[in-house]
Amino acid sequence: MTGQSAPPRPRRAASPPQRKRRGRTLREQEARAGLLLISPTLIITLVVVVLPLMWAIMLAFQSVRLINIRRSGVFGNYTLENFTYVISEPGFWTSLANTLVYTVAGTGLSIVLGLVAALALRQRFAGRTLIRASILIPYVAPVVAVTFLWETMLNPQYGLVNTWLSEPIAFLTQAQGDFLGFKIPVALLTVILFEAWRYFPFAFLFILARLQAMPADLEEAAVVDGAAPTQLFRHVILPQLWSVIALLAVLRFVFTFTKFDDVYLLTGGGAGTEVVSVRVYNFLTSRDDIGAAAAQAIVLAVFLVVFLIIYLRFFSGGEREQR
């Protein structure tokens, strides 16, 4: 019929492919926004961590000294001579053994002291807050100040510690000493004790925080059942602390394995206390051999990664068995 308009067609709903494309676009926008938010951290990590690490690896495979470092580049002459020289150099395996002993003993002793301090200062008593705060002094004090304090106290001529002994002992300059008929590394043991004293507050904070978060019902039930203090610690408290102790062991192992300033300020790496980090410093400053120093640092990093992989696999396996 003429003059009569056709009825309006109903609007068709958006097809599923269009809705899917809109959903993808929204996810892409969220991904771009997240990348934009984390880009400052990525840039800082790239500039501060990744690029220096790549440069150190590049230098480790080149014959680079202080006088020719400007001529080194990405397309230099790469060789393995630095690694063979570093490993075959006298004192390498001794410094590696010193590093392992220093790391394992310092880490274990600092965790044990932190555990004892946390258990001792767990309950309420007068002056607890002041004592807790004073325990943190070794950890927060400048390392130069505390090493100077130890050097003064352990001085064989006018040190406070030697005034209590019948014969003075050169704690920081004597490599070997006699104790009950046994030869002991005096300077290395002194450095280990300093490491434990300086960093046990770090373990103290972690363990105390876990103790404060433990439910009191478990201990109360064990006491009601007649558990002795040793049984209470072994069967109730210690299982609750294993995860924190494992975390502390990993962190302190990494920090101590690469530690430089404590050992160098106390002994300068002498008297049988040369660790690998001090050896890297000596290659860099005394010999001006940048390539050998970089190779020594890479070897140190490789040993650290290997030990961490072994430790983490062992711990995760034990954790799965407990589950």
# chains A, B, ... in the order shown; residues from 1 in each chain; ligands from 1

call {"tool": "select_by_dssp", "arguments": {"residues": "range 167-214 of chain A", "states": "helix (DSSP H, G or I)", "output": "PDB file with N, CA, C and O atoms, in the first residue's frame"}}
result
ATOM      1  N   VAL A 186      92.497 -18.525  65.678  1.00  0.00           N
ATOM      2  CA  VAL A 186      92.066 -17.482  66.614  1.00  0.00           C
ATOM      3  C   VAL A 186      91.355 -16.346  65.884  1.00  0.00           C
ATOM      4  O   VAL A 186      90.236 -15.949  66.246  1.00  0.00           O
ATOM      5  N   ALA A 187      91.984 -15.797  64.848  1.00  0.00           N
ATOM      6  CA  ALA A 187      91.407 -14.641  64.158  1.00  0.00           C
ATOM      7  C   ALA A 187      90.094 -15.007  63.474  1.00  0.00           C
ATOM      8  O   ALA A 187      89.133 -14.235  63.500  1.00  0.00           O
ATOM      9  N   LEU A 188      90.043 -16.191  62.853  1.00  0.00           N
ATOM     10  CA  LEU A 188      88.806 -16.595  62.176  1.00  0.00           C
ATOM     11  C   LEU A 188      87.673 -16.786  63.169  1.00  0.00           C
ATOM     12  O   LEU A 188      86.526 -16.385  62.913  1.00  0.00           O
ATOM     13  N   LEU A 189      87.954 -17.397  64.321  1.00  0.00           N
ATOM     14  CA  LEU A 189      86.924 -17.549  65.346  1.00  0.00           C
ATOM     15  C   LEU A 189      86.467 -16.196  65.877  1.00  0.00           C
ATOM     16  O   LEU A 189      85.277 -16.003  66.163  1.00  0.00           O
ATOM     17  N   THR A 190      87.397 -15.259  66.010  1.00  0.00           N
ATOM     18  CA  THR A 190      87.016 -13.922  66.476  1.00  0.00           C
ATOM     19  C   THR A 190      86.084 -13.240  65.485  1.00  0.00           C
ATOM     20  O   THR A 190      85.085 -12.616  65.870  1.00  0.00           O
ATOM     21  N   VAL A 191      86.385 -13.381  64.203  1.00  0.00           N
ATOM     22  CA  VAL A 191      85.537 -12.775  63.172  1.00  0.00           C
ATOM     23  C   VAL A 191      84.157 -13.441  63.164  1.00  0.00           C
ATOM     24  O   VAL A 191      83.124 -12.769  62.979  1.00  0.00           O
ATOM     25  N   ILE A 192      84.110 -14.749  63.381  1.00  0.00           N
ATOM     26  CA  ILE A 192      82.823 -15.447  63.431  1.00  0.00           C
ATOM     27  C   ILE A 192      82.008 -14.972  64.632  1.00  0.00           C
ATOM     28  O   ILE A 192      80.785 -14.747  64.522  1.00  0.00           O
ATOM     29  N   LEU A 193      82.650 -14.811  65.775  1.00  0.00           N
ATOM     30  CA  LEU A 193      81.940 -14.305  66.955  1.00  0.00           C
ATOM     31  C   LEU A 193      81.416 -12.890  66.726  1.00  0.00           C
ATOM     32  O   LEU A 193      80.313 -12.549  67.153  1.00  0.00           O
ATOM     33  N   PHE A 194      82.201 -12.076  66.050  1.00  0.00           N
ATOM     34  CA  PHE A 194      81.732 -10.726  65.734  1.00  0.00           C
ATOM     35  C   PHE A 194      80.519 -10.780  64.817  1.00  0.00           C
ATOM     36  O   PHE A 194      79.555 -10.022  64.999  1.00  0.00           O
ATOM     37  N   GLU A 195      80.557 -11.657  63.829  1.00  0.00           N
ATOM     38  CA  GLU A 195      79.423 -11.799  62.916  1.00  0.00           C
ATOM     39  C   GLU A 195      78.164 -12.212  63.671  1.00  0.00           C
ATOM     40  O   GLU A 195      77.079 -11.670  63.443  1.00  0.00           O
ATOM     41  N   ALA A 196      78.300 -13.198  64.580  1.00  0.00           N
ATOM     42  CA  ALA A 196      77.140 -13.650  65.345  1.00  0.00           C
ATOM     43  C   ALA A 196      76.621 -12.557  66.266  1.00  0.00           C
ATOM     44  O   ALA A 196      75.409 -12.373  66.405  1.00  0.00           O
ATOM     45  N   TRP A 197      77.533 -11.834  66.916  1.00  0.00           N
ATOM     46  CA  TRP A 197      77.112 -10.757  67.822  1.00  0.00           C
ATOM     47  C   TRP A 197      76.436  -9.617  67.067  1.00  0.00           C
ATOM     48  O   TRP A 197      75.438  -9.065  67.537  1.00  0.00           O
ATOM     49  N   ARG A 198      76.928  -9.298  65.902  1.00  0.00           N
ATOM     50  CA  ARG A 198      76.388  -8.152  65.173  1.00  0.00           C
ATOM     51  C   ARG A 198      75.029  -8.444  64.555  1.00  0.00           C
ATOM     52  O   ARG A 198      74.180  -7.543  64.469  1.00  0.00           O
ATOM     53  N   TYR A 199      74.779  -9.675  64.152  1.00  0.00           N
ATOM     54  CA  TYR A 199      73.570  -9.952  63.381  1.00  0.00           C
ATOM     55  C   TYR A 199      72.577 -10.862  64.100  1.00  0.00           C
ATOM     56  O   TYR A 199      71.565 -11.236  63.500  1.00  0.00           O
ATOM     57  N   PHE A 200      72.826 -11.222  65.356  1.00  0.00           N
ATOM     58  CA  PHE A 200      71.790 -11.993  66.048  1.00  0.00           C
ATOM     59  C   PHE A 200      70.529 -11.166  66.316  1.00  0.00           C
ATOM     60  O   PHE A 200      69.432 -11.750  66.421  1.00  0.00           O
ATOM     61  N   PRO A 201      70.576  -9.815  66.435  1.00  0.00           N
ATOM     62  CA  PRO A 201      69.302  -9.081  66.553  1.00  0.00           C
ATOM     63  C   PRO A 201      68.398  -9.245  65.346  1.00  0.00           C
ATOM     64  O   PRO A 201      67.166  -9.174  65.482  1.00  0.00           O
ATOM     65  N   PHE A 202      68.970  -9.473  64.166  1.00  0.00           N
ATOM     66  CA  PHE A 202      68.155  -9.729  62.972  1.00  0.00           C
ATOM     67  C   PHE A 202      67.313 -10.988  63.164  1.00  0.00           C
ATOM     68  O   PHE A 202      66.102 -10.997  62.900  1.00  0.00           O
ATOM     69  N   ALA A 203      67.942 -12.068  63.641  1.00  0.00           N
ATOM     70  CA  ALA A 203      67.199 -13.293  63.928  1.00  0.00           C
ATOM     71  C   ALA A 203      66.253 -13.102  65.105  1.00  0.00           C
ATOM     72  O   ALA A 203      65.152 -13.665  65.130  1.00  0.00           O
ATOM     73  N   PHE A 204      66.664 -12.307  66.077  1.00  0.00           N
ATOM     74  CA  PHE A 204      65.825 -12.040  67.242  1.00  0.00           C
ATOM     75  C   PHE A 204      64.490 -11.419  66.839  1.00  0.00           C
ATOM     76  O   PHE A 204      63.426 -11.814  67.348  1.00  0.00           O
ATOM     77  N   LEU A 205      64.500 -10.479  65.923  1.00  0.00           N
ATOM     78  CA  LEU A 205      63.272  -9.816  65.494  1.00  0.00           C
ATOM     79  C   LEU A 205      62.331 -10.794  64.802  1.00  0.00           C
ATOM     80  O   LEU A 205      61.121 -10.818  65.072  1.00  0.00           O
ATOM     81  N   PHE A 206      62.866 -11.619  63.913  1.00  0.00           N
ATOM     82  CA  PHE A 206      62.025 -12.574  63.192  1.00  0.00           C
ATOM     83  C   PHE A 206      61.411 -13.596  64.146  1.00  0.00           C
ATOM     84  O   PHE A 206      60.215 -13.882  64.081  1.00  0.00           O
ATOM     85  N   ILE A 207      62.241 -14.162  65.002  1.00  0.00           N
ATOM     86  CA  ILE A 207      61.760 -15.221  65.883  1.00  0.00           C
ATOM     87  C   ILE A 207      60.786 -14.664  66.925  1.00  0.00           C
ATOM     88  O   ILE A 207      59.771 -15.302  67.252  1.00  0.00           O
ATOM     89  N   LEU A 208      61.088 -13.482  67.446  1.00  0.00           N
ATOM     90  CA  LEU A 208      60.183 -12.894  68.433  1.00  0.00           C
ATOM     91  C   LEU A 208      58.824 -12.582  67.824  1.00  0.00           C
ATOM     92  O   LEU A 208      57.784 -12.787  68.468  1.00  0.00           O
ATOM     93  N   ALA A 209      58.804 -12.094  66.590  1.00  0.00           N
ATOM     94  CA  ALA A 209      57.526 -11.824  65.927  1.00  0.00           C
ATOM     95  C   ALA A 209      56.711 -13.107  65.751  1.00  0.00           C
ATOM     96  O   ALA A 209      55.487 -13.116  65.930  1.00  0.00           O
ATOM     97  N   ARG A 210      57.379 -14.212  65.434  1.00  0.00           N
ATOM     98  CA  ARG A 210      56.658 -15.485  65.292  1.00  0.00           C
ATOM     99  C   ARG A 210      56.169 -15.999  66.645  1.00  0.00           C
ATOM    100  O   ARG A 210      55.067 -16.558  66.750  1.00  0.00           O
ATOM    101  N   LEU A 211      56.980 -15.814  67.671  1.00  0.00           N
ATOM    102  CA  LEU A 211      56.552 -16.245  69.006  1.00  0.00           C
ATOM    103  C   LEU A 211      55.338 -15.456  69.477  1.00  0.00           C
ATOM    104  O   LEU A 211      54.436 -16.014  70.121  1.00  0.00           O
ATOM    105  N   GLN A 212      55.304 -14.176  69.187  1.00  0.00           N
ATOM    106  CA  GLN A 212      54.168 -13.360  69.602  1.00  0.00           C
ATOM    107  C   GLN A 212      52.891 -13.738  68.868  1.00  0.00           C
ATOM    108  O   GLN A 212      51.790 -13.533  69.379  1.00  0.00           O
ATOM    109  N   ALA A 213      53.047 -14.296  67.655  1.00  0.00           N
ATOM    110  CA  ALA A 213      51.866 -14.671  66.876  1.00  0.00           C
ATOM    111  C   ALA A 213      51.385 -16.087  67.163  1.00  0.00           C
ATOM    112  O   ALA A 213      50.334 -16.492  66.664  1.00  0.00           O
TER     113      ALA A 213
END

call {"tool": "closest_atom_pairs", "arguments": {"of": "range 207-273 of chain A", "to": "range 161-179 of chain A", "cutoff": "6 Å", "atoms": "only C-alpha atoms", "output": "Markdown table"}}
result
| residue | atom | partner | partner_atom | distance |
| --- | --- | --- | --- | --- |
| A:Thr267 | CA | A:Leu172 | CA | 5.9 |
| A:Ala271 | CA | A:Ala175 | CA | 4.4 |
| A:Gly272 | CA | A:Ala175 | CA | 5.4 |

call {"tool": "atom_distance", "arguments": {"atom1": "CA of Val306 in chain A", "atom2": "CA of Leu42 in chain A"}}
result
26.3 Å

call {"tool": "select_by_dssp", "arguments": {"residues": "range 60-211 of chain A", "states": "strand (DSSP E)", "output": "VMD selection string"}}
result
chain A and resid 177 to 179 182 to 184

call {"tool": "closest_residue", "arguments": {"among": "A:Ala222, A:Ala297, A:Val116, A:Leu100", "to": "Val236 in chain A", "atoms": "only C-alpha atoms"}}
result
A:Ala222

call {"tool": "atom_distance", "arguments": {"atom1": "CA of Leu304 in chain A", "atom2": "CA of Ser243 in chain A"}}
result
21.2 Å

call {"tool": "closest_residue", "arguments": {"among": "A:Phe307, A:Phe283, A:Phe61, A:Tyr139", "to": "Glu81 in chain A", "atoms": "only C-alpha atoms"}}
result
A:Phe61

call {"tool": "closest_residue", "arguments": {"among": "A:Val275, A:Ile290, A:Leu238, A:Val47", "to": "Leu96 in chain A", "atoms": "only C-alpha atoms"}}
result
A:Val275

call {"tool": "closest_residue", "arguments": {"among": "A:Ala293, A:Ala221, A:Pro90, A:Asn282", "to": "Gly269 in chain A", "atoms": "only C-alpha atoms"}}
result
A:Asn282

call {"tool": "residues_around", "arguments": {"residues": "Leu66 in chain A", "least_positions_apart": "4", "cutoff": "9 Å", "atoms": "only C-alpha atoms", "output": "PyMOL selection string"}}
result
chain A and resi 70+284+288-290

call {"tool": "residues_around", "arguments": {"residues": "Ala294 in chain A", "least_positions_apart": "5", "cutoff": "7 Å", "atoms": "only C-alpha atoms", "output": "list in words"}}
result
Ala56, Ile57, Leu59 and Ala60 of chain A

call {"tool": "write_last_selection", "arguments": {"atoms": "C-alpha atoms", "output": "PDB file, in the first residue's frame"}}
result
ATOM      1  CA  ALA A  56      80.731  -7.755  35.179  1.00  0.00           C
ATOM      2  CA  ILE A  57      80.173 -10.979  33.216  1.00  0.00           C
ATOM      3  CA  LEU A  59      84.664  -8.118  31.954  1.00  0.00           C
ATOM      4  CA  ALA A  60      85.213 -11.563  33.487  1.00  0.00           C
TER       5      ALA A  60
END

call {"tool": "residues_around", "arguments": {"residues": "range 140-146 of chain A", "least_positions_apart": "2", "cutoff": "10 Å", "atoms": "only C-alpha atoms", "output": "list of chain:residue names"}}
result
A:Ile135, A:Leu136, A:Ile137, A:Pro138, A:Phe148, A:Leu149, A:Trp150, A:Glu151, A:Thr152, A:Phe194, A:Arg198, A:Tyr199, A:Pro201, A:Phe202, A:Asp261, A:Asp262, A:Leu265, A:Leu266
